[in-house]
file protein.cif (mmCIF, C-alpha atoms)
data_query
#
loop_
_atom_site.label_atom_id
_atom_site.label_comp_id
_atom_site.auth_asym_id
_atom_site.auth_seq_id
_atom_site.Cartn_x
_atom_site.Cartn_y
_atom_site.Cartn_z
CA MET G 1 -23.67 -18.73 18.28
CA LYS G 2 -22.27 -19.12 21.76
CA LYS G 3 -18.83 -18.25 20.50
CA ARG G 4 -20.14 -15.11 18.89
CA ILE G 5 -21.67 -13.92 22.16
CA MET G 6 -18.41 -14.61 23.93
CA GLU G 7 -16.61 -12.33 21.49
CA TYR G 8 -18.73 -9.44 22.68
CA PHE G 9 -18.35 -10.30 26.35
CA VAL G 10 -15.59 -7.82 27.17
CA PHE G 11 -17.46 -5.12 25.35
CA PHE G 12 -20.63 -5.75 27.34
CA VAL G 13 -18.72 -5.72 30.60
CA PHE G 14 -17.17 -2.43 29.55
CA VAL G 15 -20.53 -0.88 28.66
CA ALA G 16 -21.99 -2.06 31.96
CA PHE G 17 -19.05 -0.56 33.83
CA ILE G 18 -19.50 2.78 32.05
CA GLY G 19 -23.24 2.70 32.74
CA ILE G 20 -22.73 2.06 36.44
CA SER G 21 -20.03 4.76 36.58
CA PHE G 22 -22.48 7.33 35.35
CA LEU G 23 -25.12 6.17 37.82
CA ILE G 24 -22.87 6.38 40.86
CA ASP G 25 -20.88 9.33 39.53
CA PHE G 26 -17.60 7.47 39.35
CA ASN G 27 -15.23 9.90 37.68
CA PHE G 28 -12.72 7.45 36.28
CA GLY G 29 -15.37 5.43 34.48
CA GLN G 30 -17.14 8.54 33.25
CA ASN G 31 -13.95 9.76 31.57
CA MET G 32 -13.50 6.40 29.95
CA GLY G 33 -17.05 6.58 28.67
CA ARG G 34 -16.43 10.00 27.18
CA ASN G 35 -13.27 8.78 25.45
CA PHE G 36 -15.20 5.86 24.10
CA TYR G 37 -17.89 8.11 22.72
CA ILE G 38 -15.36 10.35 20.92
CA PHE G 39 -13.99 7.40 19.00
CA ALA G 40 -17.12 5.33 18.64
CA LYS G 41 -19.15 8.04 16.98
CA ASP G 42 -16.48 8.47 14.32
CA MET G 43 -15.33 4.95 13.82
CA VAL G 44 -18.39 2.79 14.11
CA LEU G 45 -20.35 5.00 11.74
CA ILE G 46 -17.62 4.90 9.14
CA LEU G 47 -17.43 1.12 8.99
CA PRO G 48 -20.78 0.06 7.43
CA PRO G 49 -20.42 2.07 4.19
CA ALA G 50 -16.74 1.13 4.02
CA PHE G 51 -17.54 -2.57 4.19
CA ILE G 52 -20.35 -2.21 1.65
CA LEU G 53 -17.81 -0.69 -0.72
CA ILE G 54 -15.36 -3.50 -0.02
CA GLY G 55 -18.09 -6.02 -0.81
CA LEU G 56 -18.91 -4.28 -4.08
CA PHE G 57 -15.22 -4.12 -4.91
CA ASP G 58 -15.04 -7.87 -4.36
CA VAL G 59 -17.76 -8.71 -6.88
CA TRP G 60 -17.08 -6.06 -9.50
CA VAL G 61 -13.37 -5.52 -9.80
CA SER G 62 -11.59 -8.25 -11.70
CA ARG G 63 -8.37 -9.83 -10.59
CA LYS G 64 -6.76 -8.63 -13.76
CA THR G 65 -7.45 -4.97 -13.06
CA VAL G 66 -5.92 -5.20 -9.60
CA GLU G 67 -2.92 -7.14 -10.89
CA ASN G 68 -2.31 -4.58 -13.60
CA SER G 69 -2.38 -1.63 -11.23
CA PHE G 70 -1.01 -3.11 -7.99
CA GLY G 71 0.72 -6.30 -9.07
CA LYS G 72 4.09 -7.24 -10.50
CA LYS G 73 3.41 -5.77 -13.94
CA SER G 74 2.77 -2.32 -12.56
CA GLY G 75 6.04 -0.44 -12.15
CA VAL G 76 6.38 2.88 -10.39
CA MET G 77 2.72 3.56 -11.05
CA LYS G 78 1.63 1.20 -8.29
CA TYR G 79 3.11 3.51 -5.67
CA ILE G 80 1.27 6.43 -7.16
CA TYR G 81 -1.97 4.45 -7.21
CA ALA G 82 -1.39 3.20 -3.67
CA ILE G 83 -0.65 6.64 -2.26
CA GLY G 84 -3.50 8.20 -4.22
CA LEU G 85 -5.92 5.61 -2.93
CA ALA G 86 -4.55 6.11 0.59
CA ALA G 87 -5.03 9.87 0.51
CA THR G 88 -8.67 9.42 -0.39
CA THR G 89 -9.40 6.58 2.04
CA VAL G 90 -11.73 7.97 4.68
CA GLY G 91 -11.14 6.58 8.14
CA GLY G 92 -7.41 5.93 8.00
CA THR G 93 -6.01 2.53 8.89
CA PHE G 94 -9.26 1.22 10.33
CA VAL G 95 -10.67 1.16 6.84
CA ALA G 96 -7.33 0.59 5.10
CA PHE G 97 -6.66 -2.81 6.75
CA PRO G 98 -9.68 -4.60 5.24
CA VAL G 99 -9.20 -2.79 1.92
CA ALA G 100 -5.56 -3.89 1.77
CA ASN G 101 -6.58 -7.46 2.54
CA ALA G 102 -9.17 -7.41 -0.25
CA LEU G 103 -6.61 -5.97 -2.69
CA TYR G 104 -4.10 -8.64 -1.76
CA HIS G 105 -6.52 -11.45 -2.47
CA LYS G 106 -7.16 -9.96 -5.89
CA GLY G 107 -3.49 -10.05 -6.79
CA ALA G 108 -1.90 -6.90 -5.35
CA GLY G 109 1.71 -7.24 -4.24
CA TYR G 110 3.05 -6.77 -0.72
CA ASP G 111 4.83 -3.58 -1.69
CA SER G 112 1.59 -2.04 -2.96
CA ILE G 113 -0.56 -2.94 0.02
CA ILE G 114 2.06 -1.98 2.60
CA THR G 115 2.64 1.33 0.85
CA TYR G 116 -1.10 1.79 0.82
CA VAL G 117 -1.71 1.05 4.50
CA THR G 118 1.26 3.04 5.70
CA ALA G 119 0.37 5.99 3.50
CA ALA G 120 -3.25 5.78 4.65
CA SER G 121 -2.18 6.55 8.18
CA LEU G 122 0.12 9.42 7.18
CA PHE G 123 -1.66 11.10 4.29
CA MET G 124 -5.16 11.73 5.59
CA ILE G 125 -6.12 14.96 3.90
CA PRO G 126 -8.40 16.58 6.53
CA MET G 127 -5.90 15.74 9.26
CA SER G 128 -2.99 17.18 7.30
CA ILE G 129 -4.87 20.41 6.77
CA MET G 130 -5.50 20.69 10.48
CA GLU G 131 -1.85 19.93 11.16
CA ALA G 132 -0.65 22.62 8.76
CA SER G 133 -2.88 25.20 10.41
CA ILE G 134 -1.51 24.43 13.87
CA LEU G 135 2.11 23.44 13.29
CA GLY G 136 2.76 25.28 10.04
CA ILE G 137 2.77 24.28 6.40
CA LYS G 138 6.51 23.73 6.50
CA PHE G 139 6.12 21.03 9.13
CA THR G 140 3.41 19.20 7.22
CA ALA G 141 5.26 19.42 3.91
CA LEU G 142 8.39 18.05 5.57
CA ARG G 143 6.54 15.21 7.24
CA LEU G 144 4.81 14.16 4.03
CA GLY G 145 7.87 14.65 1.82
CA LEU G 146 10.13 12.65 4.10
CA SER G 147 7.64 9.86 4.47
CA ILE G 148 7.29 8.94 0.78
CA PRO G 149 10.79 7.52 0.23
CA LEU G 150 10.80 5.89 3.68
CA ILE G 151 7.43 4.23 3.05
CA ILE G 152 8.48 2.86 -0.33
CA ILE G 153 11.84 1.60 0.89
CA SER G 154 10.35 -0.19 3.88
CA ALA G 155 7.51 -1.61 1.78
CA ASN G 156 10.08 -3.14 -0.55
CA ILE G 157 12.13 -4.62 2.26
CA LEU G 158 8.98 -6.17 3.72
CA LYS G 159 7.94 -7.46 0.31
CA PHE G 160 11.30 -9.11 -0.11
CA ILE G 161 11.07 -10.79 3.31
CA PHE G 162 7.51 -12.01 2.90
CA ASN G 163 7.78 -13.18 -0.69
CA LYS G 164 10.83 -15.20 0.25
CA ASN G 165 8.94 -16.89 3.08
CA ASN G 166 5.88 -17.56 0.95
CA TYR G 167 3.77 -15.77 3.50
CA LYS G 168 0.04 -15.56 2.86
CA LEU G 169 -2.36 -13.07 4.35
CA PRO G 170 -5.33 -14.51 6.21
CA GLU G 171 -8.45 -14.87 4.14
CA VAL G 172 -11.31 -12.93 5.67
CA GLU G 173 -14.58 -14.28 4.42
CA MET Z 1 -17.70 10.81 6.74
CA LYS Z 2 -20.82 12.08 5.02
CA TYR Z 3 -18.81 11.81 1.88
CA LEU Z 4 -18.25 8.10 2.41
CA TYR Z 5 -22.00 7.50 2.75
CA ILE Z 6 -22.63 9.42 -0.45
CA VAL Z 7 -19.95 7.47 -2.32
CA ALA Z 8 -21.32 4.17 -1.01
CA ALA Z 9 -24.87 5.16 -1.99
CA ILE Z 10 -23.85 6.18 -5.51
CA ALA Z 11 -21.82 2.99 -5.94
CA LEU Z 12 -24.79 0.94 -4.75
CA ILE Z 13 -27.16 2.63 -7.19
CA ILE Z 14 -24.84 2.21 -10.17
CA SER Z 15 -24.13 -1.38 -9.22
CA PHE Z 16 -27.83 -2.11 -8.74
CA VAL Z 17 -28.76 -0.73 -12.15
CA LYS Z 18 -26.05 -2.77 -13.79
CA ASP Z 19 -26.60 -6.08 -12.05
CA LYS Z 20 -29.06 -6.71 -9.24
CA LYS Z 21 -27.83 -10.15 -8.30
CA LYS Z 22 -24.20 -9.19 -8.21
CA THR Z 23 -24.99 -6.18 -6.04
CA LEU Z 24 -26.83 -8.27 -3.48
CA LYS Z 25 -23.92 -10.68 -3.41
CA GLY Z 26 -21.53 -7.79 -2.84
CA ILE Z 27 -23.61 -6.34 -0.02
CA LYS Z 28 -23.86 -9.74 1.58
CA ARG Z 29 -20.12 -10.26 1.39
CA GLY Z 30 -19.37 -6.83 2.80
CA LEU Z 31 -21.76 -7.24 5.70
CA LYS Z 32 -20.45 -10.69 6.47
CA LYS Z 33 -16.93 -9.35 6.71
CA PHE Z 34 -18.20 -6.50 8.84
CA GLN Z 35 -20.01 -8.64 11.38
CA LYS Z 36 -17.04 -10.94 11.61
CA ILE Z 37 -14.63 -8.16 12.52
CA LEU Z 38 -17.00 -5.97 14.55
CA PRO Z 39 -16.19 -7.49 17.96
CA LYS Z 40 -12.49 -6.85 17.31
CA TYR Z 41 -13.17 -3.24 16.47
CA LEU Z 42 -15.28 -2.81 19.60
CA MET Z 43 -12.51 -4.36 21.66
CA LEU Z 44 -10.14 -1.87 20.10
CA LEU Z 45 -12.43 0.98 21.13
CA VAL Z 46 -12.44 -0.29 24.70
CA ILE Z 47 -8.64 -0.40 24.76
CA ILE Z 48 -8.36 3.07 23.25
CA SER Z 49 -10.76 4.54 25.79
CA ILE Z 50 -8.57 3.21 28.57
CA VAL Z 51 -5.31 4.33 26.93
CA LEU Z 52 -6.70 7.82 26.39
CA LEU Z 53 -6.88 8.17 30.16
CA LEU Z 54 -3.15 8.69 29.89
CA SER Z 55 -3.94 12.29 30.15
CA GLU Z 56 -2.61 15.17 28.16
CA ASP Z 57 -0.77 16.34 31.27
CA PHE Z 58 1.22 13.14 31.29
CA ILE Z 59 2.22 13.58 27.67
CA ILE Z 60 3.08 17.25 28.12
CA LYS Z 61 5.17 16.42 31.16
CA TYR Z 62 7.13 13.70 29.42
CA LEU Z 63 7.72 15.48 26.16
CA ASN Z 64 8.50 18.85 27.64
CA GLN Z 65 11.98 18.11 28.93
CA GLY Z 66 15.23 19.66 27.88
CA ASN Z 67 17.08 16.69 26.47
CA ILE Z 68 16.40 16.31 22.73
CA LEU Z 69 17.54 12.71 22.50
CA ILE Z 70 15.47 11.43 25.44
CA GLY Z 71 12.57 13.65 24.42
CA THR Z 72 12.51 12.32 20.86
CA LEU Z 73 12.81 8.73 21.92
CA SER Z 74 10.03 9.03 24.47
CA SER Z 75 7.86 10.90 21.97
CA VAL Z 76 8.10 8.04 19.49
CA ILE Z 77 7.41 5.47 22.20
CA ILE Z 78 4.46 7.38 23.68
CA GLY Z 79 3.11 7.96 20.18
CA SER Z 80 3.36 4.25 19.42
CA VAL Z 81 1.45 3.01 22.44
CA THR Z 82 -1.22 5.68 22.44
CA MET Z 83 -3.86 6.40 19.92
CA MET Z 84 -5.92 9.52 19.62
CA PRO Z 85 -7.90 11.29 16.94
CA GLY Z 86 -6.30 14.19 15.10
CA PHE Z 87 -8.61 16.76 16.63
CA ILE Z 88 -7.10 15.93 20.02
CA ALA Z 89 -3.52 15.25 18.92
CA TYR Z 90 -2.95 18.46 16.96
CA PRO Z 91 -4.23 20.95 19.51
CA LEU Z 92 -2.07 19.06 22.01
CA SER Z 93 0.91 19.47 19.67
CA GLY Z 94 0.08 23.16 19.47
CA VAL Z 95 0.30 23.36 23.26
CA LEU Z 96 3.64 21.56 23.20
CA LEU Z 97 4.95 23.96 20.59
CA GLU Z 98 3.89 26.94 22.68
CA LYS Z 99 5.74 25.49 25.65
CA GLY Z 100 8.88 25.48 23.54
CA VAL Z 101 9.05 21.77 22.79
CA ALA Z 102 11.27 21.09 19.76
CA TYR Z 103 9.79 20.22 16.37
CA ILE Z 104 11.75 16.97 16.30
CA ILE Z 105 9.92 15.80 19.43
CA ILE Z 106 6.53 16.87 18.12
CA GLY Z 107 7.33 15.23 14.78
CA GLY Z 108 8.23 11.97 16.49
CA PHE Z 109 5.04 12.04 18.53
CA VAL Z 110 2.68 12.90 15.70
CA THR Z 111 4.14 10.42 13.19
CA SER Z 112 4.39 7.46 15.51
CA LEU Z 113 0.88 8.21 16.74
CA MET Z 114 -0.42 7.66 13.23
CA LEU Z 115 2.06 5.07 12.04
CA VAL Z 116 2.60 2.64 14.87
CA GLY Z 117 -0.45 0.98 16.33
CA VAL Z 118 0.28 -1.15 19.34
CA VAL Z 119 -3.37 -0.93 20.32
CA THR Z 120 -4.65 -1.68 16.81
CA TYR Z 121 -2.81 -5.00 16.84
CA PRO Z 122 -5.93 -7.15 17.45
CA VAL Z 123 -7.58 -5.75 14.32
CA GLU Z 124 -4.51 -5.58 12.11
CA LYS Z 125 -3.50 -9.17 12.76
CA GLU Z 126 -6.87 -10.40 11.47
CA TYR Z 127 -6.06 -8.92 8.08
CA PHE Z 128 -2.29 -9.15 7.90
CA GLY Z 129 -1.42 -12.08 10.12
CA LYS Z 130 0.81 -11.82 13.17
CA LYS Z 131 4.18 -11.71 11.45
CA LEU Z 132 3.45 -8.98 8.96
CA THR Z 133 1.64 -6.93 11.60
CA ILE Z 134 4.59 -7.01 13.96
CA LEU Z 135 7.19 -6.29 11.28
CA ARG Z 136 5.12 -3.58 9.67
CA ASN Z 137 4.77 -1.78 12.98
CA LEU Z 138 8.46 -2.18 13.67
CA PHE Z 139 9.23 -0.53 10.35
CA GLY Z 140 6.64 2.12 11.15
CA PHE Z 141 8.59 2.87 14.32
CA LEU Z 142 11.80 3.26 12.31
CA ILE Z 143 10.06 5.46 9.75
CA ALA Z 144 8.77 7.67 12.57
CA VAL Z 145 12.28 8.02 13.96
CA GLY Z 146 13.56 8.81 10.45
CA ILE Z 147 10.92 11.46 9.85
CA ALA Z 148 11.54 13.01 13.27
CA ILE Z 149 15.28 13.23 12.61
CA GLY Z 150 14.64 14.73 9.18
CA ILE Z 151 12.37 17.36 10.71
CA GLY Z 152 14.94 18.05 13.43
CA LEU Z 153 17.71 18.50 10.87
CA PHE Z 154 15.58 20.84 8.84
CA TYR Z 155 14.71 23.03 11.81
CA GLY Z 156 18.33 22.96 12.91
CA GLU Z 157 17.57 21.25 16.21
CA VAL Z 158 20.11 18.47 15.89
CA LEU Z 159 23.82 18.83 15.10
#
call {"tool": "encode", "arguments": {"input": "protein.cif", "output": "structure tokens"}}
result
Amino acid sequence: MKKRIMEYFVFFVFVAFIGISFLIDFNFGQNMGRNFYIFAKDMVLILPPAFILIGLFDVWVSRKTVENSFGKKSGVMKYIYAIGLAATTVGGTFVAFPVANALYHKGAGYDSIITYVTAASLFMIPMSIMEASILGIKFTALRLGLSIPLIIISANILKFIFNKNNYKLPEVE
Amino acid sequence: MKYLYIVAAIALIISFVKDKKKTLKGIKRGLKKFQKILPKYLMLLVIISIVLLLSEDFIIKYLNQGNILIGTLSSVIIGSVTMMPGFIAYPLSGVLLEKGVAYIIIGGFVTSLMLVGVVTYPVEKEYFGKKLTILRNLFGFLIAVGIAIGIGLFYGEVL
């Protein structure tokens, strides 16, 4: 219990600092508080349903299903699955990290989960639409088109390295 | 985000109808994972709020310089160490574009911003372990450079 409180310590200090900043009109702290709010309102709200879904995934989806779509037996399809899943993952990497970990412990390969996480940060649909409207469709199409081969190549290099070393991802209970 | 709540709710209902016990187990597992990682996420938010103080002016100043090579390299580095939501990053990129900053530099900034997470390290290492986190981000850096160069070539800004 004590350890758990300690984990929040920095956060509490931060909140206190922001609170005091607003009381005494300290500009620097106020800006920090505003930045915090921008992120917190998006991120913290996204996490509870995401983790509920991860929990349901854990109890319902069998190891075999994951192995067949994201494991050794799945050929090129695993990249398509991984990128498809990434494009529809709401919340980008913040949500993709725990999802990738859960997939791994159900038998997904390194190449699949790395492709998934990397694609999750690059393929967010709402963000890409915004990008295209500001920087042009050509820019967005180029960025996405160039990234696919680079993502898959680097995922395979990493898979090779980590399979050779018998590396295991941490188990998050 | 609303969409995620709807999906979660539908999944919960279907799961509950099919198997009550299993559903409760799933919820329990999900929440346990959540409360375990929550302090790390909050820590991340604190770091991001501080990093975001690196104001837009700073970024504009550093990326809006004549030299393509230095500009691209600094764009990838700045993008790697900062983190900002798309609704801030893209309008900022729009400003850069208006000021005549090359696409290759904007490409490097935008991609590394999304791909390389120096500040997300504390969360990522919980799920991927230290080694994979570091290597994955290193490769992300290289991918960002690759994408930037590709964009630059396409727009005829290099060579």
call {"tool": "residues_around", "arguments": {"input": "protein.cif", "residues": "stretch 38-43 of chain Z", "least_positions_apart": "3", "cutoff": "9 Å", "atoms": "all atoms listed in the file", "output": "PyMOL selection string"}}
result
(chain G and resi 4+7-8+10-11+40+43-44+94) or (chain Z and resi 33-35+46-48+120+122-123+126)
call {"tool": "closest_residue", "arguments": {"input": "protein.cif", "among": "G:Asn27, G:Asn68, G:Thr118, G:Asn166", "to": "chain Z", "atoms": "all atoms listed in the file"}}
result
G:Thr118
call {"tool": "resolve_selection", "arguments": {"input": "protein.cif", "expression": "the PyMOL selection byres ((chain Z and resi 21-30) around 8)", "output": "tab-separated table (two decimals) with C-alpha atoms, in the frame of the given file"}}
result
chain	number	residue	atom	x	y	z
G	51	PHE	CA	-17.54	-2.57	4.19
G	52	ILE	CA	-20.35	-2.21	1.65
G	53	LEU	CA	-17.81	-0.69	-0.72
G	54	ILE	CA	-15.36	-3.50	-0.02
G	55	GLY	CA	-18.09	-6.02	-0.81
G	56	LEU	CA	-18.91	-4.28	-4.08
G	57	PHE	CA	-15.22	-4.12	-4.91
G	58	ASP	CA	-15.04	-7.87	-4.36
G	59	VAL	CA	-17.76	-8.71	-6.88
G	60	TRP	CA	-17.08	-6.06	-9.50
G	173	GLU	CA	-14.58	-14.28	4.42
Z	12	LEU	CA	-24.79	0.94	-4.75
Z	15	SER	CA	-24.13	-1.38	-9.22
Z	16	PHE	CA	-27.83	-2.11	-8.74
Z	19	ASP	CA	-26.60	-6.08	-12.05
Z	20	LYS	CA	-29.06	-6.71	-9.24
Z	31	LEU	CA	-21.76	-7.24	5.70
Z	32	LYS	CA	-20.45	-10.69	6.47
Z	33	LYS	CA	-16.93	-9.35	6.71
Z	34	PHE	CA	-18.20	-6.50	8.84
call {"tool": "closest_residue", "arguments": {"input": "protein.cif", "among": "G:Phe70, G:Phe22, G:Tyr116, G:Phe139", "to": "chain Z", "atoms": "all atoms listed in the file"}}
result
G:Phe139
call {"tool": "resolve_selection", "arguments": {"input": "protein.cif", "expression": "the PyMOL selection byres ((chain G and resi 128) around 12)", "output": "PyMOL selection string"}}
result
(chain G and resi 87+120-127+129-144) or (chain Z and resi 86-87+89-90+110-111+114)
call {"tool": "resolve_selection", "arguments": {"input": "protein.cif", "expression": "the PyMOL selection byres ((chain Z and resi 65-67) around 12)", "output": "list of chain:residue names"}}
result
Z:Ile59, Z:Ile60, Z:Lys61, Z:Tyr62, Z:Leu63, Z:Asn64, Z:Ile68, Z:Leu69, Z:Ile70, Z:Gly71, Z:Thr72, Z:Leu73, Z:Ser74, Z:Ser75, Z:Leu96, Z:Lys99, Z:Gly100, Z:Val101, Z:Ala102, Z:Ile104, Z:Ile105, Z:Glu157, Z:Val158
call {"tool": "closest_residue", "arguments": {"input": "protein.cif", "among": "G:Leu169, G:Val99, G:Ile38, G:Ala155", "to": "chain Z", "atoms": "all atoms listed in the file"}}
result
G:Leu169
call {"tool": "atom_distance", "arguments": {"input": "protein.cif", "atom1": "atom CA of G:Ser154", "atom2": "atom CA of G:Ile114"}}
result
8.6 Å
call {"tool": "closest_residue", "arguments": {"input": "protein.cif", "among": "G:Gly109, G:Gly91, G:Gly84, G:Pro98", "to": "G:Ile148", "atoms": "all atoms listed in the file"}}
result
G:Gly84
call {"tool": "atom_distance", "arguments": {"input": "protein.cif", "atom1": "atom CA of Z:Val81", "atom2": "atom CA of Z:Val118"}}
result
5.3 Å
call {"tool": "atom_distance", "arguments": {"input": "protein.cif", "atom1": "atom CA of G:Ile83", "atom2": "atom CA of G:Ala119"}}
result
5.9 Å
call {"tool": "closest_residue", "arguments": {"input": "protein.cif", "among": "G:Thr88, G:Asn35, G:Gln30, G:Thr93", "to": "chain Z", "atoms": "all atoms listed in the file"}}
result
G:Asn35
call {"tool": "closest_residue", "arguments": {"input": "protein.cif", "among": "Z:Gly107, Z:Gly117, Z:Gly94, Z:Gly129", "to": "G:Asn101", "atoms": "only C-alpha atoms"}}
result
Z:Gly129
call {"tool": "axis_aligned_box", "arguments": {"input": "protein.cif", "around": "stretch 98-109 of chain Z", "padding_each_side": "6 Å", "output": "AutoDock Vina command-line options"}}
result
--center_x 7.8 --center_y 19.5 --center_z 20.2 --size_x 19.9 --size_y 27.0 --size_z 22.9
call {"tool": "residues_around", "arguments": {"input": "protein.cif", "residues": "Z:Gly146", "least_positions_apart": "3", "cutoff": "10 Å", "atoms": "only C-alpha atoms", "output": "PyMOL selection string"}}
result
(chain G and resi 146-147+150) or (chain Z and resi 107-108+111+140-143+149-152)
call {"tool": "decode", "arguments": {"input": "protein.cif", "residues": "stretch 45-52 of chain Z", "atoms": "all heavy atoms", "output": "PDB file, in the first residue's frame"}}
result
ATOM      1  N   LEU Z  45       2.188  12.146 -18.253  1.00  0.00           N
ATOM      2  CA  LEU Z  45       1.468  13.396 -18.471  1.00  0.00           C
ATOM      3  C   LEU Z  45       2.214  14.574 -17.863  1.00  0.00           C
ATOM      4  O   LEU Z  45       2.265  15.653 -18.447  1.00  0.00           O
ATOM      5  CB  LEU Z  45       0.073  13.307 -17.849  1.00  0.00           C
ATOM      6  CG  LEU Z  45      -0.956  12.513 -18.641  1.00  0.00           C
ATOM      7  CD1 LEU Z  45      -2.267  12.455 -17.884  1.00  0.00           C
ATOM      8  CD2 LEU Z  45      -1.178  13.162 -19.993  1.00  0.00           C
ATOM      9  N   VAL Z  46       2.798  14.338 -16.687  1.00  0.00           N
ATOM     10  CA  VAL Z  46       3.555  15.410 -16.033  1.00  0.00           C
ATOM     11  C   VAL Z  46       4.744  15.801 -16.909  1.00  0.00           C
ATOM     12  O   VAL Z  46       4.979  16.988 -17.168  1.00  0.00           O
ATOM     13  CB  VAL Z  46       4.030  14.953 -14.631  1.00  0.00           C
ATOM     14  CG1 VAL Z  46       4.985  15.975 -14.041  1.00  0.00           C
ATOM     15  CG2 VAL Z  46       2.840  14.755 -13.707  1.00  0.00           C
ATOM     16  N   ILE Z  47       5.464  14.789 -17.400  1.00  0.00           N
ATOM     17  CA  ILE Z  47       6.627  15.069 -18.245  1.00  0.00           C
ATOM     18  C   ILE Z  47       6.211  15.825 -19.513  1.00  0.00           C
ATOM     19  O   ILE Z  47       6.822  16.822 -19.886  1.00  0.00           O
ATOM     20  CB  ILE Z  47       7.353  13.758 -18.639  1.00  0.00           C
ATOM     21  CG1 ILE Z  47       7.865  13.041 -17.389  1.00  0.00           C
ATOM     22  CG2 ILE Z  47       8.522  14.052 -19.575  1.00  0.00           C
ATOM     23  CD1 ILE Z  47       8.405  11.648 -17.664  1.00  0.00           C
ATOM     24  N   ILE Z  48       5.128  15.344 -20.135  1.00  0.00           N
ATOM     25  CA  ILE Z  48       4.680  15.992 -21.368  1.00  0.00           C
ATOM     26  C   ILE Z  48       4.311  17.452 -21.126  1.00  0.00           C
ATOM     27  O   ILE Z  48       4.650  18.333 -21.911  1.00  0.00           O
ATOM     28  CB  ILE Z  48       3.477  15.240 -21.978  1.00  0.00           C
ATOM     29  CG1 ILE Z  48       3.913  13.851 -22.458  1.00  0.00           C
ATOM     30  CG2 ILE Z  48       2.881  16.008 -23.145  1.00  0.00           C
ATOM     31  CD1 ILE Z  48       2.763  12.965 -22.872  1.00  0.00           C
ATOM     32  N   SER Z  49       3.625  17.712 -20.001  1.00  0.00           N
ATOM     33  CA  SER Z  49       3.228  19.096 -19.732  1.00  0.00           C
ATOM     34  C   SER Z  49       4.441  20.003 -19.611  1.00  0.00           C
ATOM     35  O   SER Z  49       4.381  21.173 -19.973  1.00  0.00           O
ATOM     36  CB  SER Z  49       2.427  19.206 -18.431  1.00  0.00           C
ATOM     37  OG  SER Z  49       1.660  18.081 -18.234  1.00  0.00           O
ATOM     38  N   ILE Z  50       5.529  19.442 -19.085  1.00  0.00           N
ATOM     39  CA  ILE Z  50       6.734  20.264 -18.950  1.00  0.00           C
ATOM     40  C   ILE Z  50       7.398  20.438 -20.320  1.00  0.00           C
ATOM     41  O   ILE Z  50       7.772  21.545 -20.701  1.00  0.00           O
ATOM     42  CB  ILE Z  50       7.711  19.627 -17.934  1.00  0.00           C
ATOM     43  CG1 ILE Z  50       7.052  19.604 -16.548  1.00  0.00           C
ATOM     44  CG2 ILE Z  50       9.015  20.407 -17.882  1.00  0.00           C
ATOM     45  CD1 ILE Z  50       7.745  18.735 -15.533  1.00  0.00           C
ATOM     46  N   VAL Z  51       7.473  19.329 -21.077  1.00  0.00           N
ATOM     47  CA  VAL Z  51       8.114  19.390 -22.395  1.00  0.00           C
ATOM     48  C   VAL Z  51       7.374  20.343 -23.338  1.00  0.00           C
ATOM     49  O   VAL Z  51       7.988  21.063 -24.120  1.00  0.00           O
ATOM     50  CB  VAL Z  51       8.198  17.980 -23.028  1.00  0.00           C
ATOM     51  CG1 VAL Z  51       8.607  18.063 -24.483  1.00  0.00           C
ATOM     52  CG2 VAL Z  51       9.178  17.112 -22.263  1.00  0.00           C
ATOM     53  N   LEU Z  52       6.058  20.367 -23.202  1.00  0.00           N
ATOM     54  CA  LEU Z  52       5.261  21.236 -24.086  1.00  0.00           C
ATOM     55  C   LEU Z  52       5.550  22.721 -23.879  1.00  0.00           C
ATOM     56  O   LEU Z  52       5.193  23.550 -24.701  1.00  0.00           O
ATOM     57  CB  LEU Z  52       3.766  20.971 -23.884  1.00  0.00           C
ATOM     58  CG  LEU Z  52       3.090  20.017 -24.860  1.00  0.00           C
ATOM     59  CD1 LEU Z  52       1.600  19.984 -24.600  1.00  0.00           C
ATOM     60  CD2 LEU Z  52       3.328  20.425 -26.303  1.00  0.00           C
TER      61      LEU Z  52
END
